[in-house]
Amino acid sequence: VPALIVDPGENERLARSPRRAAFYAGAVASLAAALRERGVRLQCRRGRLPATARALARDTGAETVVWAAAYDAAARERRRELQSALEEAGLRALEVHDAPAVHPEATAAARSAEGGLGYRAFAPFAAVWETLERAPVATNPAFADVEAKADLLPTPAEGGAEPPSEARALGRLDAFLAGPVLQYSAARNVPGTDGTSRLSADLSFGTIAARTVLARIDARLRDAFLLTEERLALRAFARALTRRDFFLQLAWFFEERPDEPLQARMRGFPWRASHPHFAAWCEGRTGYPLVDAGMRELRATGWMHPRARLAAASFACFDLGLDWRVGRDAWERMLAEDEPACASGNWQWIAGIGADLAQFPRIYNPRKQLRAYDPRGVYVRRWIPELANVADAELFGPVPSGRPQLALPLFAPEYPAPLLDHEQAARDFLRRYGAYVKRAADAGDSRARRANR
Ligand SMILES: Cc1cc2nc3c(=O)[nH]c(=O)nc-3n(C[C@H](O)[C@H](O)[C@H](O)COP(=O)(O)OP(=O)(O)OC[C@H]3O[C@@H](n4cnc5c(N)ncnc54)[C@H](O)[C@@H]3O)c2cc1C
């Protein structure tokens, strides 16, 4: 009996971003329609997960309740309560790993000889991940149609031209695999091209499964006429999904302090809780075109190109010195994808406090990034109309402030000059970072000396 339980806690999370809520409701509607075509109703109930699932199981005569695991701490806690409620009622409760292509327990089991559970670093995780069998792609599961009291399905608040569905996600994947993926190795870094799959929201809501994407990549790799670079590009695309599995397993195994840096020594770092330029960053008005274009793309579409994500997140953490959680939560209110484990994992990685073995924070220079990945300004002009008539060379430096203003109201207002000096801000940050790390090391030494006395 396929069922959807709309828990107020999960609903509240979804509702934080209107685009996410709309994507979710659209995906549920298309799932319900697909089931209806097969003569099966999607049972929908609203209410707290444990009690509602128990009542639904009773009403439908179910003996076993199966659900997909969640990876963020709050949703996991709700599922633990669900498990207890079902077991107390004498029902069998079964949680399955649906989101990752390789189960976290499978990668952990492969290293049990070394001790420990999850992987903190990507490279050894990926090496093991590649050797393991992936969960099979589900084919036509059998469902029963049951008549029971039902609540209304969530309604799509705003629908795009084509609402999210499995068919649309598969269509997007197949179109990507037919051609663009063959340039993925280079094109994924070039925000002016459609060089990535744009499947993140579908993957996060399950309108497509990671194992389906990987199975189709494998099928594509069987093409004997592929060039070596094209094979490498397909492997790089598969590696993006490995990275997703990595962050899911990270959240799965290192759950105890979900909002704290994975690196214990960085837990006391004095990030700023606010910054006078925070609103400008959110609205794409920092004067750094790659950062601003990314933020404007996110506001306009609910998605941001991965290269722009690096530049924009780095700017928030290092140029503004903002707490990574402030940046993450600002994006949370705009993103369509619903992948809290990937959001925290990536923000921590950027901030240099997570699953990263680099010794120093990776501070991205937004101008150098622009010159390297959008040298003709295709991406930044798409999102910043003020830059339409600015010469390419001017994109990489501050727009001269003495430039005459265009008088006609038809023209967009002039693009702001950079709000701060990136080089100076980066140096200031590194000074604070160095001082903190030294203090933490000294404190560690004196603790060790005291312990040895
Ligand atoms: C600061 C920052 C925050 C991010 N926040 C999120 C987030 O909230 N949710 C999210 O799904 N991704 C996040 N990412 C990862 C990545 O940028 C997006 O998954 C990617 O932009 C999605 O676009 P795409 O589907 O075209 O990616 P493609 O390049 O086509 O990759 C295919 C799929 O692989 C997965 N993937 C690729 N890169 C990553 C990665 N670094 N981490 C995890 N999965 C990855 C995604 O599911 C993606 O859809 C973040 C990256 C950064 C730097």
# chains A, B, ... in the order shown; residues from 1 in each chain; ligands from 1

call {"tool": "residues_around", "arguments": {"residues": "Trp129 of chain A", "least_positions_apart": "3", "cutoff": "8 Å", "atoms": "only C-alpha atoms", "output": "list in words"}}
result
Val102, Thr107, Phe125, Ala126, Leu132 and Thr242 of chain A

call {"tool": "write_last_selection", "arguments": {"atoms": "N, CA, C and O atoms", "output": "compact mmCIF listing (two decimals), in the first residue's frame"}}
result
# COMPACT_ATOMS: atom_id res chain seq x y z
N VAL A 102 24.92 3.27 -2.99
CA VAL A 102 25.55 2.22 -2.18
C VAL A 102 25.25 2.54 -0.72
O VAL A 102 25.46 3.66 -0.27
N THR A 107 29.54 0.45 2.72
CA THR A 107 30.89 1.02 2.67
C THR A 107 31.56 0.85 4.02
O THR A 107 32.75 0.56 4.11
N PHE A 125 36.81 6.69 0.70
CA PHE A 125 35.41 6.28 0.54
C PHE A 125 35.16 5.90 -0.92
O PHE A 125 34.61 4.83 -1.21
N ALA A 126 35.59 6.78 -1.84
CA ALA A 126 35.33 6.54 -3.26
C ALA A 126 36.02 5.26 -3.73
O ALA A 126 35.46 4.49 -4.53
N LEU A 132 32.02 -1.86 -4.69
CA LEU A 132 30.83 -2.50 -4.10
C LEU A 132 29.67 -2.56 -5.09
O LEU A 132 29.55 -1.73 -5.99
N THR A 242 28.99 9.58 -6.50
CA THR A 242 29.77 9.01 -5.39
C THR A 242 29.88 10.06 -4.29
O THR A 242 29.79 9.77 -3.10

call {"tool": "residues_near_ligand", "arguments": {"ligand": "ligand 1", "cutoff": "7 Å", "atoms": "only C-alpha atoms and all ligand atoms", "output": "ChimeraX atom specification"}}
result
/A:188,196-201,203-204,237,240-241,243-244,247,304-306,309-310,313,337-340,342-343,346-347,350

call {"tool": "select_by_dssp", "arguments": {"residues": "segment 50-151 of chain A", "states": "strand (DSSP E)", "output": "list of chain:residue names"}}
result
A:Thr64, A:Val65, A:Val66, A:Trp67, A:Ala68, A:Arg92, A:Ala93, A:Leu94, A:Glu95, A:Val96

call {"tool": "closest_residue", "arguments": {"among": "A:Pro141, A:Gly352, A:Pro104, A:Gly195", "to": "Gly118 of chain A", "atoms": "only C-alpha atoms"}}
result
A:Pro104

call {"tool": "closest_residue", "arguments": {"among": "A:Arg328, A:Arg239, A:Gly90, A:Ala15", "to": "Tyr184 of chain A", "atoms": "only C-alpha atoms"}}
result
A:Arg239

call {"tool": "residues_around", "arguments": {"residues": "segment 178-180 of chain A", "least_positions_apart": "3", "cutoff": "12 Å", "atoms": "only C-alpha atoms", "output": "number ranges by chain"}}
result
A: 170-175, 183-188, 193-198, 216-217, 219-221, 223, 226, 230, 233-234, 237

call {"tool": "closest_residue", "arguments": {"among": "A:Asp202, A:Leu232, A:Leu152, A:Val213", "to": "Leu177 of chain A", "atoms": "only C-alpha atoms"}}
result
A:Val213

call {"tool": "atom_distance", "arguments": {"atom1": "atom CA of Lys368 of chain A", "atom2": "atom CA of Arg333 of chain A"}}
result
28.6 Å

call {"tool": "closest_residue", "arguments": {"among": "A:Ala101, A:Ala29, A:Leu320, A:Ala355", "to": "Ala238 of chain A", "atoms": "only C-alpha atoms"}}
result
A:Ala101

call {"tool": "closest_residue", "arguments": {"among": "A:Arg222, A:Arg439, A:Arg371, A:His97", "to": "Met266 of chain A", "atoms": "only C-alpha atoms"}}
result
A:Arg439

call {"tool": "closest_residue", "arguments": {"among": "A:Asp421, A:Asp374, A:Asp329, A:Glu133", "to": "Ser17 of chain A", "atoms": "only C-alpha atoms"}}
result
A:Asp329

call {"tool": "select_by_dssp", "arguments": {"residues": "segment 92-316 of chain A", "states": "helix (DSSP H, G or I)", "output": "VMD selection string"}}
result
chain A and resid 104 to 110 112 to 114 122 to 129 166 to 178 180 to 187 200 to 205 210 to 221 228 to 253 264 to 266 278 to 283 289 to 301 306 to 316

call {"tool": "decode", "arguments": {"residues": "segment 45-60 of chain A", "atoms": "all heavy atoms", "output": "JSON list (two decimals), in the first residue's frame"}}
result
[["chain", "number", "residue", "atom", "x", "y", "z"],
["A", 45, "ARG", "N", -1.96, 10.82, 4.46],
["A", 45, "ARG", "CA", -2.44, 11.20, 5.79],
["A", 45, "ARG", "C", -1.59, 12.35, 6.31],
["A", 45, "ARG", "O", -0.38, 12.36, 6.10],
["A", 45, "ARG", "CB", -2.31, 10.04, 6.79],
["A", 45, "ARG", "CG", -3.20, 8.86, 6.51],
["A", 45, "ARG", "CD", -4.53, 8.99, 7.22],
["A", 45, "ARG", "NE", -5.43, 7.92, 6.82],
["A", 45, "ARG", "CZ", -5.74, 6.88, 7.58],
["A", 45, "ARG", "NH1", -5.21, 6.76, 8.79],
["A", 45, "ARG", "NH2", -6.58, 5.95, 7.16],
["A", 46, "ARG", "N", -2.23, 13.24, 7.02],
["A", 46, "ARG", "CA", -1.50, 14.35, 7.63],
["A", 46, "ARG", "C", -1.46, 14.16, 9.13],
["A", 46, "ARG", "O", -2.48, 13.82, 9.72],
["A", 46, "ARG", "CB", -2.18, 15.68, 7.30],
["A", 46, "ARG", "CG", -1.99, 16.07, 5.84],
["A", 46, "ARG", "CD", -2.91, 17.18, 5.42],
["A", 46, "ARG", "NE", -2.82, 17.36, 3.99],
["A", 46, "ARG", "CZ", -2.00, 18.23, 3.41],
["A", 46, "ARG", "NH1", -1.25, 19.02, 4.14],
["A", 46, "ARG", "NH2", -1.95, 18.31, 2.09],
["A", 47, "GLY", "N", -0.31, 14.41, 9.72],
["A", 47, "GLY", "CA", -0.21, 14.28, 11.18],
["A", 47, "GLY", "C", 1.17, 13.80, 11.55],
["A", 47, "GLY", "O", 2.00, 13.51, 10.68],
["A", 48, "ARG", "N", 1.43, 13.72, 12.85],
["A", 48, "ARG", "CA", 2.76, 13.31, 13.30],
["A", 48, "ARG", "C", 3.05, 11.90, 12.84],
["A", 48, "ARG", "O", 2.20, 11.01, 12.92],
["A", 48, "ARG", "CB", 2.89, 13.46, 14.82],
["A", 48, "ARG", "CG", 2.95, 14.93, 15.24],
["A", 48, "ARG", "CD", 3.67, 15.12, 16.56],
["A", 48, "ARG", "NE", 5.01, 14.55, 16.52],
["A", 48, "ARG", "CZ", 5.43, 13.55, 17.29],
["A", 48, "ARG", "NH1", 4.62, 13.01, 18.17],
["A", 48, "ARG", "NH2", 6.66, 13.09, 17.21],
["A", 49, "LEU", "N", 4.26, 11.72, 12.35],
["A", 49, "LEU", "CA", 4.62, 10.47, 11.68],
["A", 49, "LEU", "C", 4.29, 9.20, 12.48],
["A", 49, "LEU", "O", 3.58, 8.32, 11.97],
["A", 49, "LEU", "CB", 6.12, 10.54, 11.33],
["A", 49, "LEU", "CG", 6.70, 9.51, 10.39],
["A", 49, "LEU", "CD1", 5.91, 9.40, 9.10],
["A", 49, "LEU", "CD2", 8.15, 9.86, 10.08],
["A", 50, "PRO", "N", 4.73, 9.08, 13.75],
["A", 50, "PRO", "CA", 4.53, 7.80, 14.44],
["A", 50, "PRO", "C", 3.04, 7.43, 14.57],
["A", 50, "PRO", "O", 2.64, 6.34, 14.15],
["A", 50, "PRO", "CB", 5.16, 8.04, 15.82],
["A", 50, "PRO", "CG", 6.06, 9.21, 15.65],
["A", 50, "PRO", "CD", 5.48, 10.05, 14.58],
["A", 51, "ALA", "N", 2.24, 8.35, 15.12],
["A", 51, "ALA", "CA", 0.83, 8.01, 15.37],
["A", 51, "ALA", "C", 0.08, 7.82, 14.06],
["A", 51, "ALA", "O", -0.75, 6.91, 13.91],
["A", 51, "ALA", "CB", 0.18, 9.11, 16.19],
["A", 52, "THR", "N", 0.40, 8.66, 13.07],
["A", 52, "THR", "CA", -0.34, 8.60, 11.81],
["A", 52, "THR", "C", -0.02, 7.31, 11.05],
["A", 52, "THR", "O", -0.90, 6.65, 10.50],
["A", 52, "THR", "CB", 0.02, 9.84, 10.95],
["A", 52, "THR", "OG1", -0.02, 10.98, 11.79],
["A", 52, "THR", "CG2", -0.95, 10.03, 9.82],
["A", 53, "ALA", "N", 1.26, 6.93, 11.06],
["A", 53, "ALA", "CA", 1.64, 5.69, 10.36],
["A", 53, "ALA", "C", 1.01, 4.48, 11.04],
["A", 53, "ALA", "O", 0.54, 3.54, 10.38],
["A", 53, "ALA", "CB", 3.16, 5.55, 10.33],
["A", 54, "ARG", "N", 0.98, 4.53, 12.37],
["A", 54, "ARG", "CA", 0.39, 3.41, 13.10],
["A", 54, "ARG", "C", -1.10, 3.28, 12.77],
["A", 54, "ARG", "O", -1.60, 2.19, 12.48],
["A", 54, "ARG", "CB", 0.58, 3.62, 14.61],
["A", 54, "ARG", "CG", 0.52, 2.34, 15.39],
["A", 54, "ARG", "CD", 1.10, 2.49, 16.74],
["A", 54, "ARG", "NE", 0.50, 3.60, 17.47],
["A", 54, "ARG", "CZ", 0.88, 3.97, 18.69],
["A", 54, "ARG", "NH1", 1.86, 3.33, 19.28],
["A", 54, "ARG", "NH2", 0.31, 4.97, 19.30],
["A", 55, "ALA", "N", -1.80, 4.41, 12.74],
["A", 55, "ALA", "CA", -3.23, 4.37, 12.44],
["A", 55, "ALA", "C", -3.46, 3.89, 11.00],
["A", 55, "ALA", "O", -4.36, 3.08, 10.73],
["A", 55, "ALA", "CB", -3.84, 5.76, 12.63],
["A", 56, "LEU", "N", -2.62, 4.35, 10.09],
["A", 56, "LEU", "CA", -2.78, 3.95, 8.69],
["A", 56, "LEU", "C", -2.53, 2.44, 8.53],
["A", 56, "LEU", "O", -3.26, 1.75, 7.81],
["A", 56, "LEU", "CB", -1.81, 4.75, 7.81],
["A", 56, "LEU", "CG", -1.88, 4.50, 6.31],
["A", 56, "LEU", "CD1", -3.25, 4.86, 5.74],
["A", 56, "LEU", "CD2", -0.81, 5.30, 5.57],
["A", 57, "ALA", "N", -1.52, 1.95, 9.25],
["A", 57, "ALA", "CA", -1.23, 0.51, 9.18],
["A", 57, "ALA", "C", -2.44, -0.28, 9.69],
["A", 57, "ALA", "O", -2.84, -1.28, 9.11],
["A", 57, "ALA", "CB", 0.02, 0.19, 10.00],
["A", 58, "ARG", "N", -3.02, 0.23, 10.80],
["A", 58, "ARG", "CA", -4.19, -0.47, 11.36],
["A", 58, "ARG", "C", -5.34, -0.46, 10.36],
["A", 58, "ARG", "O", -5.93, -1.49, 10.05],
["A", 58, "ARG", "CB", -4.59, 0.24, 12.66],
["A", 58, "ARG", "CG", -5.55, -0.54, 13.53],
["A", 58, "ARG", "CD", -5.98, 0.27, 14.75],
["A", 58, "ARG", "NE", -6.43, 1.61, 14.33],
["A", 58, "ARG", "CZ", -6.01, 2.74, 14.91],
["A", 58, "ARG", "NH1", -5.14, 2.72, 15.89],
["A", 58, "ARG", "NH2", -6.46, 3.91, 14.49],
["A", 59, "ASP", "N", -5.61, 0.72, 9.76],
["A", 59, "ASP", "CA", -6.75, 0.84, 8.85],
["A", 59, "ASP", "C", -6.59, 0.00, 7.59],
["A", 59, "ASP", "O", -7.55, -0.38, 6.95],
["A", 59, "ASP", "CB", -6.94, 2.31, 8.44],
["A", 59, "ASP", "CG", -7.37, 3.16, 9.63],
["A", 59, "ASP", "OD1", -7.61, 2.58, 10.71],
["A", 59, "ASP", "OD2", -7.44, 4.40, 9.47],
["A", 60, "THR", "N", -5.34, -0.20, 7.16],
["A", 60, "THR", "CA", -5.14, -0.93, 5.90],
["A", 60, "THR", "C", -4.79, -2.40, 6.14],
["A", 60, "THR", "O", -4.57, -3.14, 5.19],
["A", 60, "THR", "CB", -3.99, -0.28, 5.08],
["A", 60, "THR", "OG1", -2.83, -0.23, 5.92],
["A", 60, "THR", "CG2", -4.34, 1.11, 4.62]]
